[in-house]
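Pasting target.cif here (mmCIF, C-alpha atoms):
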data_input
#
loop_
_atom_site.label_atom_id
_atom_site.label_comp_id
_atom_site.auth_asym_id
_atom_site.auth_seq_id
_atom_site.Cartn_x
_atom_site.Cartn_y
_atom_site.Cartn_z
CA MET A 1 0.00 0.00 0.00
CA MET A 2 1.51 3.31 -1.03
CA ASP A 3 2.00 5.79 1.78
CA LYS A 4 1.40 9.05 -0.06
CA ALA A 5 2.68 11.26 2.76
CA ALA A 6 5.91 9.26 3.07
CA LEU A 7 6.37 9.35 -0.69
CA GLU A 8 5.88 13.11 -0.73
CA GLN A 9 8.39 13.47 2.14
CA SER A 10 11.00 11.42 0.26
CA ILE A 11 10.45 13.32 -2.97
CA PHE A 12 10.63 16.61 -1.09
CA GLN A 13 13.96 15.61 0.46
CA LEU A 14 15.26 14.56 -2.94
CA THR A 15 14.11 17.89 -4.35
CA VAL A 16 16.00 19.78 -1.64
CA ALA A 17 19.06 17.60 -2.20
CA SER A 18 18.91 18.27 -5.95
CA LEU A 19 18.65 22.02 -5.47
CA THR A 20 21.48 21.96 -2.93
CA ALA A 21 23.63 20.07 -5.42
CA ALA A 22 22.77 22.64 -8.10
CA SER A 23 23.75 25.48 -5.77
CA ASN A 24 27.07 23.86 -4.90
CA LEU A 25 27.84 22.97 -8.52
CA VAL A 26 28.08 26.63 -9.46
CA GLU A 27 31.44 26.66 -7.67
CA GLU A 28 32.49 23.03 -7.90
CA PRO A 29 34.41 21.14 -10.59
CA SER A 30 32.20 20.47 -13.59
CA SER A 31 32.91 16.74 -13.34
CA TYR A 32 31.00 16.68 -10.05
CA GLY A 33 27.83 17.41 -12.00
CA ALA A 34 27.74 13.92 -13.49
CA LEU A 35 28.23 12.37 -10.05
CA ARG A 36 25.44 14.42 -8.54
CA VAL A 37 22.94 13.60 -11.29
CA MET A 38 23.82 9.90 -11.02
CA GLY A 39 23.31 10.09 -7.27
CA MET A 40 19.91 11.74 -7.68
CA VAL A 41 18.80 9.10 -10.21
CA ARG A 42 19.85 6.41 -7.78
CA GLU A 43 17.95 8.08 -4.92
CA LEU A 44 14.87 8.49 -7.09
CA VAL A 45 14.81 4.80 -7.98
CA GLU A 46 15.35 3.87 -4.33
CA ILE A 47 12.30 5.95 -3.41
CA LEU A 48 10.27 4.27 -6.14
CA ASP A 49 11.52 0.85 -4.93
CA LYS A 50 10.42 1.63 -1.39
CA HIS A 51 6.93 2.50 -2.57
CA ASP A 52 6.52 -0.40 -4.99
CA LEU A 53 6.60 1.98 -7.93
CA SER A 54 9.82 0.75 -9.49
CA SER A 55 10.44 -1.68 -12.32
CA PRO A 56 13.15 -4.17 -13.31
CA ARG A 57 14.67 -1.76 -15.81
CA LEU A 58 14.84 1.07 -13.27
CA GLN A 59 16.42 -1.29 -10.75
CA ASP A 60 18.88 -2.38 -13.40
CA ILE A 61 19.94 1.23 -13.97
CA LYS A 62 20.23 1.81 -10.22
CA ALA A 63 22.37 -1.31 -9.82
CA ARG A 64 24.73 -0.13 -12.54
CA ILE A 65 25.09 3.30 -10.92
CA ILE A 66 25.75 1.73 -7.53
CA GLU A 67 28.35 -0.59 -9.02
CA SER A 68 30.16 2.34 -10.61
CA ALA A 69 30.03 4.44 -7.44
CA GLU A 70 31.32 1.83 -5.03
CA GLY A 71 34.74 1.41 -6.54
CA SER A 72 37.59 3.87 -6.55
CA MET A 73 36.81 7.27 -8.00
CA LEU A 74 36.69 7.05 -11.77
CA SER A 75 38.66 9.41 -13.96
CA ASP A 76 36.66 11.81 -16.12
CA GLU A 77 37.38 9.61 -19.14
CA GLU A 78 36.26 6.46 -17.34
CA ARG A 79 33.11 8.16 -16.10
CA LYS A 80 32.31 9.42 -19.59
CA ALA A 81 32.75 5.92 -20.99
CA PHE A 82 30.56 4.46 -18.23
CA LEU A 83 27.80 7.01 -18.80
CA ASP A 84 27.91 6.62 -22.58
CA GLY A 85 27.50 2.89 -22.09
CA LEU A 86 24.69 3.43 -19.60
CA VAL A 87 22.83 5.77 -21.96
CA MET A 88 23.04 3.21 -24.75
CA HIS A 89 21.91 0.49 -22.36
CA CYS A 90 18.93 2.63 -21.30
CA LEU A 91 17.96 3.08 -24.94
CA ASP A 92 17.96 -0.69 -25.29
CA LEU A 93 15.53 -0.82 -22.36
CA LEU A 94 13.04 1.51 -24.00
CA ASP A 95 9.75 -0.09 -24.99
CA MET B 96 46.03 -1.93 14.17
CA GLU B 97 49.37 -0.26 13.62
CA VAL B 98 49.41 3.29 12.31
CA MET B 99 50.90 2.52 8.87
CA ALA B 100 48.43 -0.31 8.38
CA ALA B 101 45.50 1.99 9.21
CA ILE B 102 46.86 4.67 6.88
CA LYS B 103 47.30 2.27 3.97
CA LYS B 104 44.08 0.33 4.50
CA ARG B 105 41.79 3.33 5.02
CA ARG B 106 39.52 3.85 2.04
CA SER B 107 36.81 6.41 1.34
CA VAL B 108 33.77 4.23 2.00
CA ARG B 109 30.62 5.16 0.10
CA LYS B 110 28.54 2.08 0.87
CA PHE B 111 27.59 1.30 4.45
CA SER B 112 25.98 -1.83 5.89
CA GLY B 113 23.14 0.05 7.57
CA ASP B 114 24.15 -1.15 11.03
CA PRO B 115 24.30 1.50 13.76
CA VAL B 116 27.47 2.91 15.31
CA SER B 117 27.36 3.12 19.09
CA ARG B 118 27.70 6.29 21.13
CA ASP B 119 30.78 4.74 22.74
CA GLN B 120 32.40 4.21 19.33
CA LEU B 121 31.61 7.78 18.34
CA MET B 122 33.12 9.06 21.58
CA GLN B 123 36.32 7.15 20.80
CA LEU B 124 36.44 8.82 17.39
CA LEU B 125 35.89 12.23 18.93
CA GLU B 126 38.67 11.54 21.41
CA ALA B 127 40.95 10.75 18.46
CA ALA B 128 39.88 14.01 16.83
CA VAL B 129 40.73 16.24 19.75
CA TRP B 130 44.20 14.72 20.04
CA ALA B 131 45.04 16.04 16.57
CA PRO B 132 47.46 18.95 16.37
CA SER B 133 46.03 22.44 16.01
CA GLY B 134 47.59 25.77 15.10
CA GLY B 135 49.13 27.18 18.26
CA ASN B 136 47.41 24.36 20.15
CA ARG B 137 44.33 26.58 20.15
CA GLN B 138 41.82 23.74 19.73
CA THR B 139 39.11 26.01 18.39
CA TRP B 140 37.32 23.19 16.61
CA ARG B 141 33.81 22.15 17.49
CA PHE B 142 32.19 18.81 16.69
CA VAL B 143 28.50 18.20 16.14
CA VAL B 144 27.47 14.57 15.72
CA ALA B 145 24.40 13.45 13.81
CA SER B 146 23.73 9.88 14.96
CA GLU B 147 19.96 9.52 14.72
CA PRO B 148 18.69 8.45 11.26
CA ALA B 149 16.52 11.56 10.91
CA SER B 150 19.46 13.83 11.77
CA VAL B 151 21.77 12.02 9.36
CA GLN B 152 19.15 12.28 6.61
CA LYS B 153 18.85 16.04 7.12
CA VAL B 154 22.62 16.51 6.86
CA LYS B 155 22.73 14.28 3.79
CA MET B 156 19.99 16.32 2.15
CA VAL B 157 22.26 19.39 2.10
CA SER B 158 25.49 17.49 1.42
CA PRO B 159 25.75 16.52 -2.24
CA GLY B 160 29.14 14.90 -1.67
CA MET B 161 27.76 12.38 0.81
CA SER B 162 27.21 8.95 -0.69
CA GLY B 163 25.43 5.95 0.73
CA LYS B 164 23.55 5.81 3.99
CA PRO B 165 26.01 6.38 6.83
CA ALA B 166 25.06 5.53 10.41
CA ALA B 167 26.48 8.81 11.70
CA VAL B 168 28.08 12.02 10.55
CA ILE B 169 30.56 14.15 12.45
CA ALA B 170 30.53 17.79 11.40
CA ILE B 171 33.82 19.54 12.14
CA ALA B 172 33.27 23.25 12.58
CA HIS B 173 35.08 26.23 13.98
CA ASP B 174 33.75 29.11 15.97
CA MET B 175 35.23 31.72 13.64
CA ASN B 176 34.74 34.54 16.14
CA LEU B 177 36.89 32.62 18.60
CA VAL B 178 39.37 31.68 15.87
CA GLU B 179 39.85 35.31 14.84
CA ARG B 180 40.31 36.39 18.46
CA LYS B 181 42.92 33.69 19.00
CA GLU B 182 44.64 33.77 15.62
CA GLY B 183 44.69 37.51 15.04
CA ASN B 184 45.76 38.29 11.49
CA MET B 185 47.56 35.00 10.90
CA ARG B 186 45.27 33.60 8.19
CA PRO B 187 42.66 32.43 10.68
CA ASP B 188 40.42 30.81 8.11
CA SER B 189 43.09 28.69 6.48
CA ILE B 190 44.61 27.57 9.78
CA ALA B 191 41.18 26.59 11.09
CA LYS B 192 40.57 24.56 7.93
CA MET B 193 43.90 22.79 8.33
CA ASP B 194 43.03 22.00 11.94
CA SER B 195 39.72 20.56 10.77
CA ALA B 196 41.52 18.40 8.21
CA MET B 197 43.94 17.02 10.79
CA ALA B 198 41.08 16.20 13.15
CA ALA B 199 39.22 14.52 10.29
CA GLN B 200 42.22 12.36 9.46
CA ASN B 201 42.51 11.25 13.08
CA ILE B 202 38.81 10.33 13.06
CA MET B 203 39.17 8.31 9.86
CA LEU B 204 42.28 6.43 10.99
CA ALA B 205 40.70 5.64 14.35
CA ALA B 206 37.56 4.51 12.53
CA LYS B 207 39.63 2.17 10.37
CA ALA B 208 41.33 0.73 13.44
CA MET B 209 37.87 0.11 14.94
CA GLY B 210 36.58 -1.64 11.82
CA LEU B 211 34.45 1.29 10.72
CA GLY B 212 34.29 2.87 7.29
CA SER B 213 34.47 6.61 6.77
CA CYS B 214 34.47 9.25 4.09
CA VAL B 215 35.49 12.89 4.43
CA ILE B 216 33.19 15.32 2.66
CA ALA B 217 33.86 18.89 1.64
CA SER B 218 31.01 19.15 -0.85
CA PHE B 219 28.16 20.35 1.31
CA HIS B 220 26.10 23.48 1.60
CA ALA B 221 27.70 25.27 4.56
CA GLN B 222 24.69 27.42 5.40
CA GLY B 223 22.39 24.44 5.00
CA VAL B 224 24.47 22.26 7.30
CA ALA B 225 24.66 25.09 9.83
CA LYS B 226 20.88 25.35 9.74
CA VAL B 227 20.02 21.67 10.08
CA LEU B 228 22.57 21.25 12.89
CA ASN B 229 21.48 24.47 14.60
CA LEU B 230 25.04 25.82 14.67
CA PRO B 231 25.42 29.13 16.48
CA LYS B 232 26.07 32.24 14.43
CA GLY B 233 29.74 32.47 13.51
CA TRP B 234 30.36 28.72 13.49
CA GLN B 235 31.71 27.59 10.15
CA PRO B 236 31.43 23.90 9.20
CA HIS B 237 34.59 22.87 7.35
CA LEU B 238 34.31 19.14 6.86
CA LEU B 239 31.89 16.28 7.39
CA VAL B 240 32.98 12.72 8.13
CA SER B 241 30.41 10.06 7.32
CA LEU B 242 30.72 6.85 9.33
CA GLY B 243 29.33 3.36 9.47
CA LEU B 244 30.16 -0.27 9.10
CA PRO B 245 31.54 -0.63 5.58
CA GLY B 246 29.31 -2.35 3.07
CA LYS B 247 32.22 -2.48 0.66
CA ASP B 248 35.84 -1.38 0.85
CA PRO B 249 36.86 0.16 -2.48
CA LYS B 250 40.13 -0.87 -4.10
CA PRO B 251 42.96 1.59 -3.52
CA PRO B 252 44.15 3.60 -6.51
CA ALA B 253 47.89 3.40 -7.20
CA ARG B 254 50.28 5.89 -5.63
CA LYS B 255 52.91 7.21 -8.03
CA PHE B 256 55.86 8.25 -5.88
CA GLU B 257 58.07 9.13 -8.84
CA GLU B 258 55.62 11.83 -9.96
CA ILE B 259 55.18 13.59 -6.63
CA ILE B 260 58.34 13.22 -4.53
CA TRP B 261 61.79 14.76 -4.96
CA TRP B 262 64.81 14.65 -2.71
CA GLU B 263 66.87 17.74 -1.83
CA LYS B 264 65.51 19.71 -4.80
CA TYR B 265 63.02 19.39 -7.59
CA ASP B 266 64.70 17.95 -10.67
CA GLY B 267 61.76 16.75 -12.72
#
Taking this structure as input, can you express it in the form of structure tokens?
Amino acid sequence: MMDKAALEQSIFQLTVASLTAASNLVEEPSSYGALRVMGMVRELVEILDKHDLSSPRLQDIKARIIESAEGSMLSDEERKAFLDGLVMHCLDLLD
Amino acid sequence: MEVMAAIKKRRSVRKFSGDPVSRDQLMQLLEAAVWAPSGGNRQTWRFVVASEPASVQKVKMVSPGMSGKPAAVIAIAHDMNLVERKEGNMRPDSIAKMDSAMAAQNIMLAAKAMGLGSCVIASFHAQGVAKVLNLPKGWQPHLLVSLGLPGKDPKPPARKFEEIIWWEKYDG
């Protein structure tokens, strides 16, 4: 059963976190932007998981982001290659 | 754990198990922090610990650099009014930041020795952190250290001594 108030609270917190990231990114290295967006996507899918609103393809994307984030910090080139691959993978997941 | 082992084995942990960290463990980490050196031995640092899940979540919300779900977060701040009184014109802000960094390193090495994972975070919204932690006016948060039982220890990147160290004079 979806708890609408809890879902709204989680989305609100994610909204605040996204805006905070945007504010910080004005002064941070541009490469951080990719990390922050990936983190927000991951958080969004986790919220959807928690409320039974997710799907196998969303969980697949989340798992790939988690896998990439848990290792040592990637170089910009490695991150670009990872994200290019992820984008192409997402396109394969489109209906 | 010996010091060199803790230094070499410490990793920036971004996945935590979800298990709690006890107040006693956190106190041990704070004890390690306050034994760090400080400019002029002034010890103007202040530590605010978020250890309840709701508190940690609030700090995380305004800390884009924080990954995973840590069990606790130690915010290392300085009372800048006190720092300026004690430091005078001797670059008070930079010395306070260096003191914060040394305290953070002590926390992280002690955490490693205790089997905990940690990650130091500089990417946070300072005003936002000050607000959610109710820091008094004039307190400046410099660093956050996220803590918890490690869900995964990342592999260490290589260290390239030949590119960063010279003896007697630079001859690169």
- prompt: How many Å separate atom CA of B:Ala191 from atom CA of B:Trp140?
  reply: 7.5 Å
query: Mind pulling up the distance from atom CA of B:Ala166 to atom CA of B:Phe111?
result: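 The value is 7.7 Å.
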Taking (17.0, 5.4, -12.7) in the file's own coordinates, collect the residues within 8 Å, counting only C-alpha atoms, and hand them back as a PDB file with C-alpha atoms, in the frame of the given file.
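What ended up in selection16.pdb:
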ATOM      1  CA  VAL A  41      18.800   9.100 -10.210  1.00  0.00           C
ATOM      2  CA  ARG A  42      19.850   6.410  -7.780  1.00  0.00           C
ATOM      3  CA  LEU A  44      14.870   8.490  -7.090  1.00  0.00           C
ATOM      4  CA  VAL A  45      14.810   4.800  -7.980  1.00  0.00           C
ATOM      5  CA  LEU A  58      14.840   1.070 -13.270  1.00  0.00           C
ATOM      6  CA  GLN A  59      16.420  -1.290 -10.750  1.00  0.00           C
ATOM      7  CA  ILE A  61      19.940   1.230 -13.970  1.00  0.00           C
ATOM      8  CA  LYS A  62      20.230   1.810 -10.220  1.00  0.00           C
TER       9      LYS A  62
END
message: Residues of chain A within 12 Å of chain B, counting only C-alpha atoms, what are they? List them as a PyMOL selection string.
response: chain A and resi 9-29+32-40+42-43+46+65-75
field: Distance of atom CA of A:Arg57 from atom CA of A:Lys80, expressed in Å to one decimal place
entry: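 Computing it gives 21.2 Å between the two atoms.
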Calculate, to one decimal in Å, the centre and edge lengths of the box along x, y and z of the file that holds all listed atoms of stretch 12-21 of chain A with 5 Å of margin on each side, and present them as JSON.
{"center_x": 17.1, "center_y": 18.3, "center_z": -2.7, "size_x": 23.0, "size_y": 17.5, "size_z": 16.4}
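Shortest atom-to-atom contact with B:Gly135 among B:Lys255, B:Lys181, B:Lys226, B:Lys192: B:Lys181, counting all atoms listed in the file.
Each of B:Val178, B:Ala128, B:Val98, B:Ile202 was checked against B:Ile190 using all atoms listed in the file; the smallest atom-to-atom distance is that of B:Val178.
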message: Just checking: using all atoms listed in the file, which residue out of B:Val151, B:Met175, B:Ala205, B:Val129 ends up closest to B:Met96?
response: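 Checking each of B:Val151, B:Met175, B:Ala205, B:Val129 against B:Met96, counting all atoms listed in the file, the winner is B:Ala205.
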- prompt: Care to translate the PyMOL selection byres ((chain B and resi 239-241) around 9) into actual residues of this file, as an MDAnalysis selection string?
  reply: chainID B and resid 108:109 158 161:162 164:172 199 202:203 212:219 236:238 242:243
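The closest residue to B:Ala206, picked from B:Met99, B:Leu124, B:Ile259, B:Val143 and counting all atoms listed in the file, is B:Leu124.
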query: Could you name the residues that touch A:Leu7 at 9 Å or less, counting only C-alpha atoms, but leaving out those on the same chain fewer than 6 positions away, as JSON, numbers by chain?
result: {"A": [47, 48, 50, 51]}
